[in-house]
2 protein chains.
Amino acid sequence: MLPRGRPRALGAAALLLLLLLLFGFFLFGGDPGCECRERRERTRGPGCFACPLTPRIPSDGQLRRAATLDGDPRADRDGHNHSDCVPQPQLPPRCERLHVAIVCAGHNSSRDLITLVKSILFYRKNPLHLHLVTNAVARNILETLFHTWMVPAVHPSFFLDFICSPTVSWIPNKHYSGLYGLMKLVLPGALPPGLARVIVLDTDVTFASDIAELWALFAHFSDKQAIGLVENQSNWYLGNLWKNHRPWPALGRGFNTGVILLQLDRLRTAGWEQMWRLTASRELLTLPATSLADQDIFNAVIKEHPGLVQPLPCIWNVQLSDHTLAERCYSEASDLKVIHWNSPKKLRVKNKHVAFFRNFYLTFTEYDGNLLRRELFGCPSQPLPGAVQQALEQLDEEDSCFEFRQQQLTVHRVHIAFLPHELPTPRPHDVTLVTQLSMDRLQMLEALCRHWPGPMSLALYLTDAEAQQFLRFVEASPVLSARQDVAYHVVYREGPLYPVNQLRNVALAQALTPYVFLSDIDFLPAYSLYDYLRSSIEQLGLGSQRKAALVVPAFETLHYRFSFPTSKEELLALLDAGALYTFRYHEWPRGHAPTDYTRWREAQAPYRVQWAADYEPYVVVPRDCPRYDPRFVGFGWNKVAHIMELDAQEYELLVLPEAFAIHLPHAPSLEISRFRSSPTYRDCLQALKDEFHQDLSRHYGAAALKYLTALQQPQSP
Amino acid sequence: MLPRGRPRALGAAALLLLLLLLFGFFLFGGDPGCECRERRERTRGPGCFACPLTPRIPSDGQLRRAATLDGDPRADRDGHNHSDCVPQPQLPPRCERLHVAIVCAGHNSSRDLITLVKSILFYRKNPLHLHLVTNAVARNILETLFHTWMVPAVHPSFFLDFICSPTVSWIPNKHYSGLYGLMKLVLPGALPPGLARVIVLDTDVTFASDIAELWALFAHFSDKQAIGLVENQSNWYLGNLWKNHRPWPALGRGFNTGVILLQLDRLRTAGWEQMWRLTASRELLTLPATSLADQDIFNAVIKEHPGLVQPLPCIWNVQLSDHTLAERCYSEASDLKVIHWNSPKKLRVKNKHVAFFRNFYLTFTEYDGNLLRRELFGCPSQPLPGAVQQALEQLDEEDSCFEFRQQQLTVHRVHIAFLPHELPTPRPHDVTLVTQLSMDRLQMLEALCRHWPGPMSLALYLTDAEAQQFLRFVEASPVLSARQDVAYHVVYREGPLYPVNQLRNVALAQALTPYVFLSDIDFLPAYSLYDYLRSSIEQLGLGSQRKAALVVPAFETLHYRFSFPTSKEELLALLDAGALYTFRYHEWPRGHAPTDYTRWREAQAPYRVQWAADYEPYVVVPRDCPRYDPRFVGFGWNKVAHIMELDAQEYELLVLPEAFAIHLPHAPSLEISRFRSSPTYRDCLQALKDEFHQDLSRHYGAAALKYLTALQQPQSP
């Protein structure tokens, strides 16, 4: 801490001198070597025609001047425009792995992280190792995502927050990032001891360039420097924003910690943990809490140990906070490197150029992440899992069912828990509604929420751009925003056929109650169904004592607007009036005939029915039930096969007397249209069926014979 | 031509010497200046730590070695790895306008051009002037596109092919590009005389870097050089591909003309036109035709005048033809600059890395072109048209109808004639079916084609990625592929509300028959409707003698599968059996009540009906009818307002006794769901209605009073 009064002024002067020295060293010292650069006029100075093949990457001299906002990036210090000779770092070798650390907690932060990673991957040419410090939620999301994304030469590793949090949880913090904002402080201790250098990023930054160029700036570090940072692009740390504004101590405007180059080995040697703990404890004697989380502490430490910091060019962290001074930086640089949305308002920040930056950001939110699966030429990179790769290679492009086979083998990128939600309170008979949909069924969600007050696990088949539309859709809906028990899992689109069973399996795997109701998105359950199912499960001793699938009888209406029956009585009245039908009554009665609607009318208690060919009821089962067979893509037989498998595993089929769900009208799907119009499509479906039967026989032996017999009978789906 | 026999060998040796000299000059001569570069090991040579901030842009030395495929790009000529000192060109100043010329003819080529332009715009930082040599079809498409795209600092200008074609049409040509392939030859004469330099591109190239870097290579040109080209990456011109393969003469492998730097002023001075005409005429004495269009002639001229050519680094034209040798180029370069799909198979070319390149290409086909509207910082760039800009600025974000107002002002990017089709033969009573749809109604198209054998003009509201899906959908459909009279106009999505009337206006503006049937996508017309409408128009003297709108009565079915009535009799029978209803009979009978279905049952001749509030029939009108009011976005009142305007302009409403169309079932649209669930949405629609009425009164005076009176009556849409 600085002494007060006159000594304080002296201290300030000394500090200024130090700063000048620091920047002086930075400008004129450093590594040997020299780059010849033209000034803006681009006149050819003698002997200085060397490097302008890439002048769009501003010269290091320019960058360094730009490292302080008050320096005029357009002119040299003496005001003249002459060539500048400054050292240049070199890019890491092509196959060198670069290390990036990111702290990420929760659902929203995970989405941000993925956008950040997409921007990095778009420009990167090196293998990457991502060190992710996460809470359990983010880990679950990101592990699944990276596992299914399969980007060559990207290796994520996870550190759980609880290992780090005790080290920082004692620090009072008012920043919106909460405890996680502070975790960057513990990285030198938490990351593998052998790791010498790492780039640390906030999740709200977007890359507009190759991250290797940032990595190359490590070469600027002197032997003592250990932390590379960009100056703050606001006046926060100057402490004059409002009366009695008392920011934490910092050198001048201070530094922003959204982008950090950490020389971990040096920090460890220098006793980093003790260093920052000491500083933080001391400051907290007079300051009530950190306002900007880790950034306050980093700045306070740097103020005490200015030799630690290597200032980085401003374009590596263009800060779009509300009262940003960033324009001084980006208006002169034609190349932006990293954009930092460091306002709590994020994309809604007020800034006259925000449209430009937002477009840039949207480029990556909307970017098809599948396209980033491209390999790195010349670097060994893990291909697809061996079995998948082999199977794909064995496919015959001339096979008329090639599309089907390829679709079956497609590993879809999966982003589970796309939106925040809470885990269901564990209850022994709880049921999750499990289903899947694509963009054209979004309008069903509100009605579904009104009909089903319990937990839901929904798989959505979307493009990256559609996932953003979906996000806005939920935000705009009070009904959907209010629900904390609906989990949305995005499965990213790839390939021409709808992978209906893969989607169902994703939703099923993420259901966390002991029972699941396997439904389709066009059905609305009876208002009472959720409660009724739970009491039925309890009464029937489902799961523990009895291996059964509870059948929910299915009906349909042909009217857009329709007054949903509030009881079985009302339903039967509508049925008798011809306002309702049993499901697919006109098109495909076989699918539900075994439910025995006549018996259901009178039934007072659950009754058992027998499996028959093509039966595809909607059922409630324990969540450890068999998965859907992912070979069925597109239209046809996807549920039929699943029910067959339940039957083969000797699930009783019990029809519930008070349960019902009603199908609402919609246009025929693209898939069903293709099925109807294309003989090839029908042939391929037949081939899939045959293969399924073979597998069934292989698995269940003689018991599966009855399915084959049933198949011999003439039929059409 | 070379002499035969031994003199020929001597000639070849001389040529080789010339080549060596040429490349020698290229390697060691040229502009003054020097760049220090590390070799692959990236060891730090003394005094050579200069430029590796950007070594990913290969050093000019690497590039030049890569200019010939047989040079090993990994080592210097002497096989050692040492620093190389070679000149570097400089990038053009930030606001310098770069000139690009592209020859483009027809629908498919226009789509390719747009993908190319998107890739250029993604990386560019300079203003661009596009000089487009097009046929009438491409001009029409591209003029509309650029006009509605409104990318700042991009200026297209058009040259029609017929000015250029006489200059080249005498050349027999076997290449798939046809006559257009040859037009690059005439650019020095056709482009503005003041234009000194231009980059000429084929439509099948994709940029992976800033085009300014390519422009910078002009600085390499010696005073005599006028054409910059990349060596061919196949053995075609070596003439040993098959027995009796006689390619046109070329230096070694020859050069590829997919990417050309043209120093136009020098070519004009050198008498380019005479030069190539002379060479081509002479070669055509012994060769029957050009095989590779302009490329054969460029190569023959260069063989005669090798001093004209400046070889460019291979990465500026990575050629993915079937038997490409490009891997020698790209496997060592970590930075690809331009990818060239120069196989007739395009993306389906066989190449072990094709997935990588295809991903790159798909990035730009799927990229949201709206995001490229971002301004160029620091360069004066035209903003939006003044009026739009002003109106947008006046919007109040707090206004609850802000979304509606913003959507109305949105200028959507429009790609008319997205797929090839033929213009309808002019016939005096012909009718085009006009409608609009989005992705979720694609499955209606086949059925619509079966019901309407006449011309159609369809506006599709799609994202860029969906437009690609749509393309594949049409290609996969024999029914759709077979139709030559259906025009698809893509309107790119932007904003949250469906701009239904803007879409209708786009489709309407592109209808080229004298009459239009204004329909909705969920309707299937009677099989006979097209013929019946034409004869009715003729009999009624519509347009010339009578200002009328012919009403096509609307019905609906609630069943997915449904046997479409082949006559009015059958329709009436279905109606009586309850299998059909009059349209919106249950939900909104007002919309069609004035059609008077009771009278229609018996009618033998067209009958006149009176307008009434909320009437929204489907009508046939002359194509110069009033446009739809674009203020109606989302659900509600969009057709009602149009019919009101027809009535205000004193169109008679004549119901046709044999005409009908039937609406098929679908789920309620997202828009109608929002309308129903959101009071704000309904209030905003009411505000739009009020404003429409005010405008109507202003325009039609007292005559519009009746609409206002009708509005006073209580109603709900």
# chains A, B, ... in the order shown; residues from 1 in each chain; ligands from 1
$ residues_around --residues "segment 677-693 of chain A" --least-positions-apart "3" --cutoff "10 Å" --atoms "only C-alpha atoms" --output "ChimeraX atom specification"
/A:399-405,629,631-638,641,644,671-674,696-699,704-705,707-708,711,716-717 /B:446,477
$ write_last_selection --atoms "N, CA, C and O atoms" --output "compact mmCIF listing (two decimals), in the first residue's frame"
# COMPACT_ATOMS: atom_id res chain seq x y z
N ASP A 399 -24.72 -49.07 -53.22
CA ASP A 399 -25.84 -49.72 -52.53
C ASP A 399 -27.02 -48.74 -52.47
O ASP A 399 -26.85 -47.59 -52.09
N SER A 400 -28.20 -49.24 -52.83
CA SER A 400 -29.34 -48.31 -52.88
C SER A 400 -29.74 -47.85 -51.48
O SER A 400 -30.41 -46.86 -51.32
N CYS A 401 -29.32 -48.60 -50.46
CA CYS A 401 -29.61 -48.19 -49.09
C CYS A 401 -28.42 -47.49 -48.44
O CYS A 401 -28.36 -47.36 -47.21
N PHE A 402 -27.49 -47.01 -49.27
CA PHE A 402 -26.28 -46.35 -48.76
C PHE A 402 -26.61 -45.26 -47.75
O PHE A 402 -26.01 -45.17 -46.68
N GLU A 403 -27.60 -44.43 -48.12
CA GLU A 403 -27.97 -43.32 -47.23
C GLU A 403 -28.39 -43.82 -45.84
O GLU A 403 -28.05 -43.21 -44.83
N PHE A 404 -29.14 -44.92 -45.83
CA PHE A 404 -29.59 -45.49 -44.56
C PHE A 404 -28.40 -45.96 -43.74
O PHE A 404 -28.29 -45.70 -42.55
N ARG A 405 -27.52 -46.69 -44.41
CA ARG A 405 -26.36 -47.26 -43.69
C ARG A 405 -25.46 -46.15 -43.16
O ARG A 405 -24.96 -46.22 -42.04
N ASP A 629 -33.58 -49.34 -31.13
CA ASP A 629 -32.58 -49.82 -32.09
C ASP A 629 -32.21 -48.68 -33.04
O ASP A 629 -33.04 -48.25 -33.85
N ARG A 631 -30.68 -48.53 -35.69
CA ARG A 631 -30.60 -48.76 -37.13
C ARG A 631 -31.82 -48.16 -37.83
O ARG A 631 -31.76 -47.89 -39.01
N PHE A 632 -32.91 -47.99 -37.10
CA PHE A 632 -34.11 -47.44 -37.75
C PHE A 632 -34.00 -45.93 -37.81
O PHE A 632 -34.13 -45.22 -36.80
N VAL A 633 -33.71 -45.44 -38.99
CA VAL A 633 -33.63 -44.00 -39.24
C VAL A 633 -34.74 -43.69 -40.23
O VAL A 633 -35.16 -44.57 -40.98
N GLY A 634 -35.21 -42.45 -40.22
CA GLY A 634 -36.29 -42.10 -41.13
C GLY A 634 -37.60 -42.64 -40.61
O GLY A 634 -37.78 -42.89 -39.42
N PHE A 635 -38.53 -42.89 -41.52
CA PHE A 635 -39.85 -43.34 -41.14
C PHE A 635 -39.92 -44.86 -41.05
O PHE A 635 -39.33 -45.55 -41.87
N GLY A 636 -40.68 -45.34 -40.09
CA GLY A 636 -41.08 -46.73 -40.11
C GLY A 636 -40.36 -47.65 -39.14
O GLY A 636 -39.15 -47.68 -39.09
N TRP A 637 -41.16 -48.36 -38.36
CA TRP A 637 -40.71 -49.50 -37.58
C TRP A 637 -39.84 -49.16 -36.39
O TRP A 637 -39.34 -50.03 -35.70
N ASN A 638 -39.66 -47.88 -36.12
CA ASN A 638 -38.76 -47.52 -35.04
C ASN A 638 -39.33 -47.86 -33.66
O ASN A 638 -38.62 -48.34 -32.79
N ALA A 641 -40.13 -52.02 -33.35
CA ALA A 641 -38.99 -52.86 -32.98
C ALA A 641 -38.73 -52.79 -31.48
O ALA A 641 -38.37 -53.78 -30.84
N MET A 644 -41.26 -54.84 -29.63
CA MET A 644 -40.92 -56.24 -29.84
C MET A 644 -39.82 -56.68 -28.87
O MET A 644 -39.87 -57.75 -28.28
N GLU A 671 -40.34 -37.38 -43.97
CA GLU A 671 -39.94 -38.78 -43.97
C GLU A 671 -41.08 -39.66 -44.46
O GLU A 671 -40.88 -40.55 -45.29
N ILE A 672 -42.27 -39.40 -43.96
CA ILE A 672 -43.38 -40.26 -44.37
C ILE A 672 -43.69 -40.01 -45.84
O ILE A 672 -44.04 -40.94 -46.59
N SER A 673 -43.50 -38.78 -46.29
CA SER A 673 -43.72 -38.49 -47.70
C SER A 673 -42.72 -39.27 -48.56
O SER A 673 -43.06 -39.82 -49.60
N ARG A 674 -41.49 -39.31 -48.10
CA ARG A 674 -40.48 -40.06 -48.85
C ARG A 674 -40.82 -41.54 -48.86
O ARG A 674 -40.68 -42.22 -49.88
N LEU A 696 -32.45 -60.31 -33.62
CA LEU A 696 -33.36 -60.72 -32.56
C LEU A 696 -33.26 -62.24 -32.35
O LEU A 696 -33.18 -62.72 -31.21
N SER A 697 -33.25 -62.96 -33.45
CA SER A 697 -33.14 -64.42 -33.35
C SER A 697 -31.82 -64.81 -32.71
O SER A 697 -31.75 -65.69 -31.85
N ARG A 698 -30.76 -64.13 -33.15
CA ARG A 698 -29.44 -64.41 -32.60
C ARG A 698 -29.45 -64.20 -31.09
O ARG A 698 -28.87 -64.97 -30.33
N HIS A 699 -30.13 -63.16 -30.67
CA HIS A 699 -30.08 -62.77 -29.27
C HIS A 699 -31.03 -63.59 -28.39
O HIS A 699 -30.68 -64.02 -27.30
N ALA A 704 -37.65 -65.88 -30.17
CA ALA A 704 -37.89 -64.81 -31.14
C ALA A 704 -38.59 -65.32 -32.39
O ALA A 704 -38.91 -64.55 -33.29
N LEU A 705 -38.83 -66.63 -32.45
CA LEU A 705 -39.44 -67.22 -33.65
C LEU A 705 -40.79 -66.60 -33.96
O LEU A 705 -41.13 -66.37 -35.12
N TYR A 707 -41.84 -63.70 -33.71
CA TYR A 707 -41.79 -62.42 -34.43
C TYR A 707 -41.58 -62.65 -35.91
O TYR A 707 -42.14 -61.95 -36.76
N LEU A 708 -40.76 -63.64 -36.19
CA LEU A 708 -40.48 -63.97 -37.59
C LEU A 708 -41.75 -64.49 -38.26
O LEU A 708 -42.07 -64.12 -39.39
N LEU A 711 -43.99 -61.81 -39.05
CA LEU A 711 -43.49 -61.01 -40.17
C LEU A 711 -43.88 -61.61 -41.51
O LEU A 711 -44.01 -60.89 -42.52
N SER A 716 -48.45 -54.00 -44.62
CA SER A 716 -47.78 -52.78 -45.08
C SER A 716 -47.85 -51.77 -43.95
O SER A 716 -48.86 -51.69 -43.27
N PRO A 717 -46.79 -51.06 -43.70
CA PRO A 717 -46.80 -50.18 -42.54
C PRO A 717 -47.74 -48.98 -42.76
O PRO A 717 -47.97 -48.60 -43.87
N GLU B 446 -44.21 -31.69 -54.20
CA GLU B 446 -44.48 -32.74 -55.19
C GLU B 446 -45.96 -32.82 -55.52
O GLU B 446 -46.35 -32.88 -56.69
N SER B 477 -35.73 -35.51 -56.02
CA SER B 477 -37.12 -35.76 -56.39
C SER B 477 -37.30 -35.79 -57.90
O SER B 477 -37.12 -34.78 -58.58
$ select_by_dssp --residues "segment 307-487 of chain B" --states "strand (DSSP E)" --output "number ranges by chain"
B: 309-312, 318-319, 338-340, 414-415, 431-438, 456-462, 486-487
$ residues_around --residues "Cys95 of chain A" --least-positions-apart "3" --cutoff "7 Å" --atoms "only C-alpha atoms" --output "list in words"
Asn126, Pro127 and Cys379 of chain A
$ write_last_selection --atoms "all heavy atoms" --output "short mmCIF file (atom, residue, chain, number, x, y, z; two decimals), in the first residue's frame"
data_model
loop_
_atom_site.label_atom_id
_atom_site.label_comp_id
_atom_site.auth_asym_id
_atom_site.auth_seq_id
_atom_site.Cartn_x
_atom_site.Cartn_y
_atom_site.Cartn_z
N ASN A 126 -3.07 -25.88 -35.08
CA ASN A 126 -2.28 -26.74 -34.19
C ASN A 126 -3.19 -27.66 -33.39
O ASN A 126 -4.34 -27.34 -33.15
CB ASN A 126 -1.51 -25.88 -33.19
CG ASN A 126 -0.33 -25.20 -33.82
OD1 ASN A 126 -0.50 -24.29 -34.63
ND2 ASN A 126 0.87 -25.64 -33.48
N PRO A 127 -2.65 -28.79 -32.93
CA PRO A 127 -3.39 -29.59 -31.96
C PRO A 127 -3.62 -28.77 -30.69
O PRO A 127 -2.81 -27.90 -30.35
CB PRO A 127 -2.45 -30.76 -31.66
CG PRO A 127 -1.51 -30.82 -32.83
CD PRO A 127 -1.37 -29.40 -33.31
N CYS A 379 -0.38 -33.45 -39.27
CA CYS A 379 -0.21 -33.77 -37.85
C CYS A 379 -0.95 -35.06 -37.58
O CYS A 379 -2.07 -35.24 -38.05
CB CYS A 379 -0.81 -32.70 -36.96
SG CYS A 379 0.04 -31.15 -37.13
#
$ select_by_dssp --residues "segment 96-220 of chain A" --states "alpha helix (DSSP H)" --output "MDAnalysis selection string"
chainID A and resid 106:123 136:149 161:168 179:182 187:190 211:215
$ closest_atom_pairs --of "segment 497-583 of chain B" --to "segment 139-155 of chain B" --cutoff "12 Å" --atoms "only C-alpha atoms" --output "tab-separated table"
residue	atom	partner	partner_atom	distance
B:Val506	CA	B:Thr144	CA	10.8
B:Ala509	CA	B:Thr144	CA	11.8
B:Gln510	CA	B:Asn140	CA	10.8
$ write_last_selection --atoms "N, CA, C and O atoms" --output "PDB file, in the first residue's frame"
ATOM      1  N   VAL B 506     -42.463 -11.024 -53.597  1.00  0.00           N
ATOM      2  CA  VAL B 506     -41.321 -11.511 -54.385  1.00  0.00           C
ATOM      3  C   VAL B 506     -41.809 -12.512 -55.423  1.00  0.00           C
ATOM      4  O   VAL B 506     -41.475 -12.421 -56.610  1.00  0.00           O
ATOM      5  N   ALA B 509     -43.819 -10.695 -58.123  1.00  0.00           N
ATOM      6  CA  ALA B 509     -43.007  -9.887 -59.040  1.00  0.00           C
ATOM      7  C   ALA B 509     -42.306 -10.757 -60.075  1.00  0.00           C
ATOM      8  O   ALA B 509     -41.985 -10.304 -61.173  1.00  0.00           O
ATOM      9  N   GLN B 510     -42.055 -12.019 -59.730  1.00  0.00           N
ATOM     10  CA  GLN B 510     -41.321 -12.893 -60.642  1.00  0.00           C
ATOM     11  C   GLN B 510     -42.243 -13.735 -61.530  1.00  0.00           C
ATOM     12  O   GLN B 510     -41.761 -14.506 -62.353  1.00  0.00           O
TER      13      GLN B 510
END
$ residues_around --residues "segment 582-596 of chain A" --least-positions-apart "5" --cutoff "7 Å" --atoms "only C-alpha atoms" --output "list of chain:residue names"
A:Pro553, A:Ala554, A:Phe555, A:Glu556, A:Val609, A:Gln610, A:Trp611, A:Ala612, A:Asp614, A:Tyr615, A:Glu616, A:Pro617, A:Val655
$ residues_around --residues "segment 183-186 of chain B" --least-positions-apart "2" --cutoff "8 Å" --atoms "only C-alpha atoms" --output "JSON, numbers by chain"
{"B": [103, 164, 165, 167, 168, 179, 180, 181, 188, 189, 190, 200, 273, 276, 294, 298]}
